[in-house]
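Structure first, commentary second.
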Amino acid sequence: MAIAFESLYSDIAGRNGKLTVGKKTIKTPALLPVINPHLQLVSPKEMRQMGVEAIITNAYIFSQSKQFRDRALSEGLHKVLDFDGVIMTDSGSFQLSVYGQVSITNTETLAFQRDIKSDIWVPLDIPTSPASDRETTERELGTTMERLREAKAVFGPDAPLAGPVQGGIFTDLRERAGHDVSALGFSFCPIGAVVPLMENYRYRDLVSVVMAAKRTLSPSACIHLFGAGHPSMFALATAMGCDLFDSAAYALYAKDGRYMTTHGSYRIGELIDLPCSCAVCRSHTAEELRDAKDRERLLALHNLHVTLAEIARIRQAIFDGTLWELVDERCRAHPQLLAGYRALLAHAPELALHDRVSKRRFFYRGDESCKRTEVVRYQQHLPQVSLGKTVLIAFEGGERDEFETTLFFKPPFGPYPKELKETFPIGPCEIPEWDDTMVRCGCEGIRILMERHPESRFTVSCPERWNSIVREILGDIEVRNDTV
Ligand code: GUN
Ligand code: ZN
């Protein structure tokens with residue numbers, strides 16, 4: 001197989017993995033900076049020194065370029081761009097979505113990508129606008145799938161082909177596309193036509209289409225989020241299982257005088273100081289950067305640094321099992337990101353099936369934390385706890401002899417036997433003073449346990465403050481206020 005992906009560590013649906021393309025291997029999640037051969041603010045060689053292992057460029061631009069076409073064909077892309085890492089090429093699909101047509105066919109662009117020695121080739125898929133109606137979206141998806149089939153038929157099963165997933169904003173079409181792309185044997189699958197969603201801050205829709213595609217794509221496929229730009233959304237996308245991002249944003253923002261941070265961007269004139277540790281920011285004041293002759297290039301370097309640092313932070317978070325905390329933090333940067341985060345939390349039951357069993361810690365960060373996969377997963381496994389005929393759930397204090405079983409209580413998870421006291425998630429869970437939301441959530445755990453054990457009689461012992469919530473969730477259960 002020309003393209004292979006291996007997941008090494010995972011958290012939520014995110015993975016730290018290894019993508020192998022021919023003889024080259026890169027670490028994921030990864031950022032593939034977009035290179036425009038005519039306009040290089042930062043050279044691929046400099047990017048390599050910054051730790052970039054893969055880049056993406058546009059084969060259509062090369063094929064139409066007087067300056068580069070023949071050189072690319074005779075010397076190969078790696079020589080022309082002076083980059084020895086992985087080079088992915090996009091077809092003319094982006095131009096197709098902007099100009100409505102391109103002067104190249106599917107097999108022509110793929111043969112060209114092969115001939116310039118690209119490492120990963122993209123067929124001429126159709127990026128359907130999210131504004132398109134169902135009929136148009138379905139027809140265009142049909143054309144995309146026909147071209148993917150043609151790509152496999154003409155170039156063979158081992159060609160390093162990407163299989164883009166389209167389907168507009170229709171989740172059932174995204175599901176169908178994900179299934180069909182995997183069935184055709186694609187192991188590298190970009191999720192396409194999401195740029196307009198991200199440009200318009202439609203993160204809720206982004207979550208719904210990415211989750212739909214992921215539901216049916218092979219779990220072993222490497223997932224590329226096509227055109228994902230701003231580092232503030234990488235953690236959210238990674239949590240859904242996206243492994244690769246390609247970004248022209250570092251350069252586009254720089255041209256526009258914009259300075260990226262993980263929580264949003266500033267116009268360079270707005271900054272009184274540079275809140276970053278990269279070489280550019282440590283060697284310039286905000287004023288010097290604003291007035292620099294090579295401002296665009298300096299901003300591009302900074303933007304690239306911030307973007308790459310965020311990828312590194314995500315990799316560490318996956319390793320530690322703290323990706324939800326990072327998603328929570330990043331998604332507070334914009335109300336629409338928060339909406340996307342909440343939409344992702346609504347998928348927690350589905351995500352919990354794949355989430356890992358043990359993590360470094362669980363920091364409670366507010367109501368949203370009650371909906372996390374660890375809580376869902378804990379409560380899914382609660383019915384396995386074995387119980388005697390009389391069960392005490394003690395919010396505070398120790399065991400009572402009069403009950404066959406005593407369980408303790410840790411919100412937002414719920415009841416736990418003392419053997420689980422030190423294990424994840426009960427032990428390493430840091431929660432502030434209990435509040436109604438987390439106690440209500442923990443009581444749901446008690447309710448699940450009671451439903452599965454109708455033969456046991458349950459009593460709750462809690463401070464009086466929680467009586468009303470206990471009764472609200474658990475009905476006429478026996479409640480004692482004898483904890484002190
Ligand atoms: N770049 C951004 N979105 C897309 C897409 O949907 N398809 C292709 N081929 N390239 C893209
Ligand atoms: Zn910087």
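Letters A, B, ... go to the chains of the structure tokens in the order shown; residues in each chain start at 1; ligands are counted from 1 in the same order.
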
Next on the checklist: Within 6 Å of ligand 2 (counting only C-alpha atoms and all ligand atoms), which residues show up? I'd like them as a list in words.
Outcome noted: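 After applying the 6 Å limit, what remains is Cys276, Ser277, Cys278, Val280, Cys281 and His302 of chain A.
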
Counting only C-alpha atoms and all ligand atoms, what residues are within 10 Å of ligand 1, given as an mmCIF file with N, CA and C atoms, in the first residue's frame?
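What landed in pocket23.cif:
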data_model
loop_
_atom_site.group_PDB
_atom_site.id
_atom_site.type_symbol
_atom_site.label_atom_id
_atom_site.label_comp_id
_atom_site.auth_asym_id
_atom_site.auth_seq_id
_atom_site.Cartn_x
_atom_site.Cartn_y
_atom_site.Cartn_z
ATOM 1 N N ASN A 58 -0.251 23.358 -5.385
ATOM 2 C CA ASN A 58 -1.343 23.170 -6.316
ATOM 3 C C ASN A 58 -0.814 22.743 -7.689
ATOM 4 N N THR A 89 -0.046 17.239 -3.691
ATOM 5 C CA THR A 89 -0.518 18.209 -4.679
ATOM 6 C C THR A 89 -2.030 18.178 -4.738
ATOM 7 N N ASP A 90 -2.626 19.347 -4.816
ATOM 8 C CA ASP A 90 -4.067 19.423 -5.032
ATOM 9 C C ASP A 90 -4.300 19.517 -6.538
ATOM 10 N N SER A 91 -5.485 19.053 -6.949
ATOM 11 C CA SER A 91 -5.841 19.124 -8.368
ATOM 12 C C SER A 91 -6.318 20.534 -8.660
ATOM 13 N N GLY A 92 -7.125 20.713 -9.638
ATOM 14 C CA GLY A 92 -7.661 22.048 -9.905
ATOM 15 C C GLY A 92 -8.993 22.275 -9.213
ATOM 16 N N SER A 93 -9.300 21.449 -8.206
ATOM 17 C CA SER A 93 -10.648 21.522 -7.625
ATOM 18 C C SER A 93 -10.956 22.861 -6.975
ATOM 19 N N PHE A 94 -9.952 23.440 -6.345
ATOM 20 C CA PHE A 94 -10.185 24.716 -5.697
ATOM 21 C C PHE A 94 -10.525 25.776 -6.754
ATOM 22 N N GLN A 95 -9.738 25.787 -7.844
ATOM 23 C CA GLN A 95 -10.029 26.706 -8.951
ATOM 24 C C GLN A 95 -11.425 26.429 -9.513
ATOM 25 N N LEU A 96 -11.764 25.131 -9.548
ATOM 26 C CA LEU A 96 -13.085 24.735 -10.028
ATOM 27 C C LEU A 96 -14.180 25.380 -9.169
ATOM 28 N N SER A 97 -13.940 25.391 -7.849
ATOM 29 C CA SER A 97 -14.968 25.939 -6.963
ATOM 30 C C SER A 97 -15.034 27.459 -7.054
ATOM 31 N N TRP A 121 -1.505 12.400 -4.510
ATOM 32 C CA TRP A 121 -2.252 12.995 -5.621
ATOM 33 C C TRP A 121 -3.728 13.118 -5.268
ATOM 34 N N VAL A 122 -4.309 14.227 -5.698
ATOM 35 C CA VAL A 122 -5.740 14.463 -5.441
ATOM 36 C C VAL A 122 -6.503 14.488 -6.763
ATOM 37 N N PRO A 123 -7.527 13.663 -6.883
ATOM 38 C CA PRO A 123 -8.355 13.691 -8.094
ATOM 39 C C PRO A 123 -9.104 15.020 -8.212
ATOM 40 N N LEU A 124 -9.780 15.193 -9.337
ATOM 41 C CA LEU A 124 -10.531 16.429 -9.573
ATOM 42 C C LEU A 124 -11.932 16.288 -8.963
ATOM 43 N N ASP A 125 -11.970 16.361 -7.628
ATOM 44 C CA ASP A 125 -13.261 16.272 -6.936
ATOM 45 C C ASP A 125 -14.013 17.585 -7.080
ATOM 46 N N ILE A 126 -15.295 17.558 -6.794
ATOM 47 C CA ILE A 126 -16.101 18.791 -6.891
ATOM 48 C C ILE A 126 -16.456 19.279 -5.485
ATOM 49 N N PRO A 127 -15.856 20.409 -5.076
ATOM 50 C CA PRO A 127 -16.195 20.960 -3.751
ATOM 51 C C PRO A 127 -17.539 21.673 -3.815
ATOM 52 N N THR A 128 -18.576 20.957 -3.436
ATOM 53 C CA THR A 128 -19.928 21.506 -3.516
ATOM 54 C C THR A 128 -20.141 22.565 -2.441
ATOM 55 N N SER A 129 -20.659 23.701 -2.859
ATOM 56 C CA SER A 129 -20.919 24.788 -1.911
ATOM 57 C C SER A 129 -21.955 24.361 -0.882
ATOM 58 N N THR A 144 -18.015 13.291 -8.377
ATOM 59 C CA THR A 144 -16.786 13.097 -7.602
ATOM 60 C C THR A 144 -16.493 11.602 -7.446
ATOM 61 N N ALA A 162 -5.429 10.381 -2.920
ATOM 62 C CA ALA A 162 -6.330 10.839 -1.874
ATOM 63 C C ALA A 162 -7.761 10.650 -2.365
ATOM 64 N N GLY A 163 -8.648 10.326 -1.463
ATOM 65 C CA GLY A 163 -10.065 10.170 -1.811
ATOM 66 C C GLY A 163 -10.914 11.173 -1.069
ATOM 67 N N PRO A 164 -11.143 12.349 -1.678
ATOM 68 C CA PRO A 164 -11.904 13.394 -0.970
ATOM 69 C C PRO A 164 -13.355 12.992 -0.700
ATOM 70 N N VAL A 165 -13.831 13.406 0.465
ATOM 71 C CA VAL A 165 -15.214 13.153 0.868
ATOM 72 C C VAL A 165 -16.000 14.444 0.683
ATOM 73 N N GLN A 166 -16.998 14.404 -0.193
ATOM 74 C CA GLN A 166 -17.854 15.575 -0.413
ATOM 75 C C GLN A 166 -19.254 15.275 0.125
ATOM 76 N N GLY A 167 -20.227 16.066 -0.294
ATOM 77 C CA GLY A 167 -21.595 15.831 0.204
ATOM 78 C C GLY A 167 -22.244 17.064 0.806
ATOM 79 N N GLY A 168 -21.554 18.235 0.633
ATOM 80 C CA GLY A 168 -22.160 19.489 1.098
ATOM 81 C C GLY A 168 -22.515 19.449 2.572
ATOM 82 N N PRO A 190 -9.284 13.237 2.455
ATOM 83 C CA PRO A 190 -9.573 14.623 2.843
ATOM 84 C C PRO A 190 -11.082 14.838 2.933
ATOM 85 N N ILE A 191 -11.492 15.644 3.901
ATOM 86 C CA ILE A 191 -12.890 16.062 3.967
ATOM 87 C C ILE A 191 -12.958 17.425 3.290
ATOM 88 N N GLY A 192 -13.746 17.486 2.218
ATOM 89 C CA GLY A 192 -13.695 18.653 1.342
ATOM 90 C C GLY A 192 -14.841 19.625 1.526
ATOM 91 N N ALA A 193 -14.675 20.768 0.863
ATOM 92 C CA ALA A 193 -15.717 21.800 0.798
ATOM 93 C C ALA A 193 -16.137 22.319 2.170
ATOM 94 N N VAL A 194 -15.191 22.384 3.078
ATOM 95 C CA VAL A 194 -15.497 22.925 4.402
ATOM 96 C C VAL A 194 -14.975 24.354 4.573
ATOM 97 N N VAL A 195 -14.192 24.842 3.578
ATOM 98 C CA VAL A 195 -13.650 26.203 3.688
ATOM 99 C C VAL A 195 -14.753 27.248 3.874
ATOM 100 N N PRO A 196 -15.836 27.196 3.079
ATOM 101 C CA PRO A 196 -16.889 28.210 3.273
ATOM 102 C C PRO A 196 -17.515 28.136 4.672
ATOM 103 N N LEU A 225 -8.294 17.596 6.816
ATOM 104 C CA LEU A 225 -9.362 18.597 6.740
ATOM 105 C C LEU A 225 -8.913 19.664 5.744
ATOM 106 N N PHE A 226 -9.515 19.611 4.567
ATOM 107 C CA PHE A 226 -9.081 20.441 3.445
ATOM 108 C C PHE A 226 -9.267 21.936 3.723
ATOM 109 N N GLY A 227 -8.177 22.685 3.717
ATOM 110 C CA GLY A 227 -8.286 24.137 3.807
ATOM 111 C C GLY A 227 -8.501 24.651 5.211
ATOM 112 N N ALA A 228 -8.231 23.792 6.218
ATOM 113 C CA ALA A 228 -8.427 24.231 7.610
ATOM 114 C C ALA A 228 -7.292 25.143 7.975
ATOM 115 N N ASP A 246 -4.200 21.696 6.112
ATOM 116 C CA ASP A 246 -3.339 22.408 5.179
ATOM 117 C C ASP A 246 -3.723 23.849 5.289
ATOM 118 N N SER A 247 -2.725 24.685 5.393
ATOM 119 C CA SER A 247 -3.099 26.057 5.639
ATOM 120 C C SER A 247 -2.357 27.047 4.782
#

Next on the checklist: Can you pull out the residues contacting Ser103 of chain A? Cut-off 10 Å, using only C-alpha atoms, and skip same-chain residues under 2 positions away; I want them as number ranges by chain.
Outcome noted: A: 60, 64, 92, 96, 101, 105, 108-109

Next on the checklist: Just checking: using only C-alpha atoms, which residue out of A:Arg452, A:Arg361, A:Lys117, A:Arg258 ends up closest to Gly76 of chain A?
Outcome noted: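 Residue with the minimum atom-to-atom distance to Gly76 of chain A: A:Lys117.
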
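With atom CA of Cys443 of chain A on one side and atom CA of Ile12 of chain A on the other, the separation reads 24.1 Å.
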
Item to check | From A:Thr285, A:Cys222, A:Val210, A:Lys255, residue lying nearest Ala237 of chain A [only C-alpha atoms] | outcome: A:Val210

Item to check | Nearest to Glu140 of chain A by atom-to-atom distance, counting only C-alpha atoms, from A:Ile120, A:Val21, A:Leu173, A:Ala343 | outcome: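 The closest residue to Glu140 of chain A is A:Leu173.
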
Checklist entry - Which one is closest to Val42 of chain A: A:Glu451, A:Asp294, A:Glu135, A:Glu6? Count only C-alpha atoms. => result A:Asp294

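Considering the residues A:Thr25, A:Thr137, A:Gln40, A:Thr307 and counting only C-alpha atoms, Asp84 of chain A has its shortest atom-to-atom contact with A:Thr25.
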
Item to check | Nearby residues (only C-alpha atoms) at most 12 Å from segment 392-406 of chain A, same-chain spacing under 5 positions excluded, as an MDAnalysis selection string | outcome: chainID A and resid 385:387 411 414:419 434 439 442:443 445:447 449:450 456:467 470 477:484

Checklist entry - Could you pull out all residues of segment 5-173 of chain A with a DSSP call of alpha helix (DSSP H) and give them as an MDAnalysis selection string? => result chainID A and resid 44:49 59:63 69:75 77:81 93:99 106:115 134:155 171:173

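Closest approach to Arg215 of chain A among A:Leu345, A:Glu350, A:Glu368, A:Ile268 is made by A:Glu350 (distances from only C-alpha atoms).
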
Item to check | Selection near Cys429 of chain A, 7 Å with only C-alpha atoms, sequence-local residues under 3 positions removed, as a list in words | outcome: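 After dropping sequence-adjacent residues, the list is Arg361, Phe362, Phe363, Pro425 and Ile426 of chain A.
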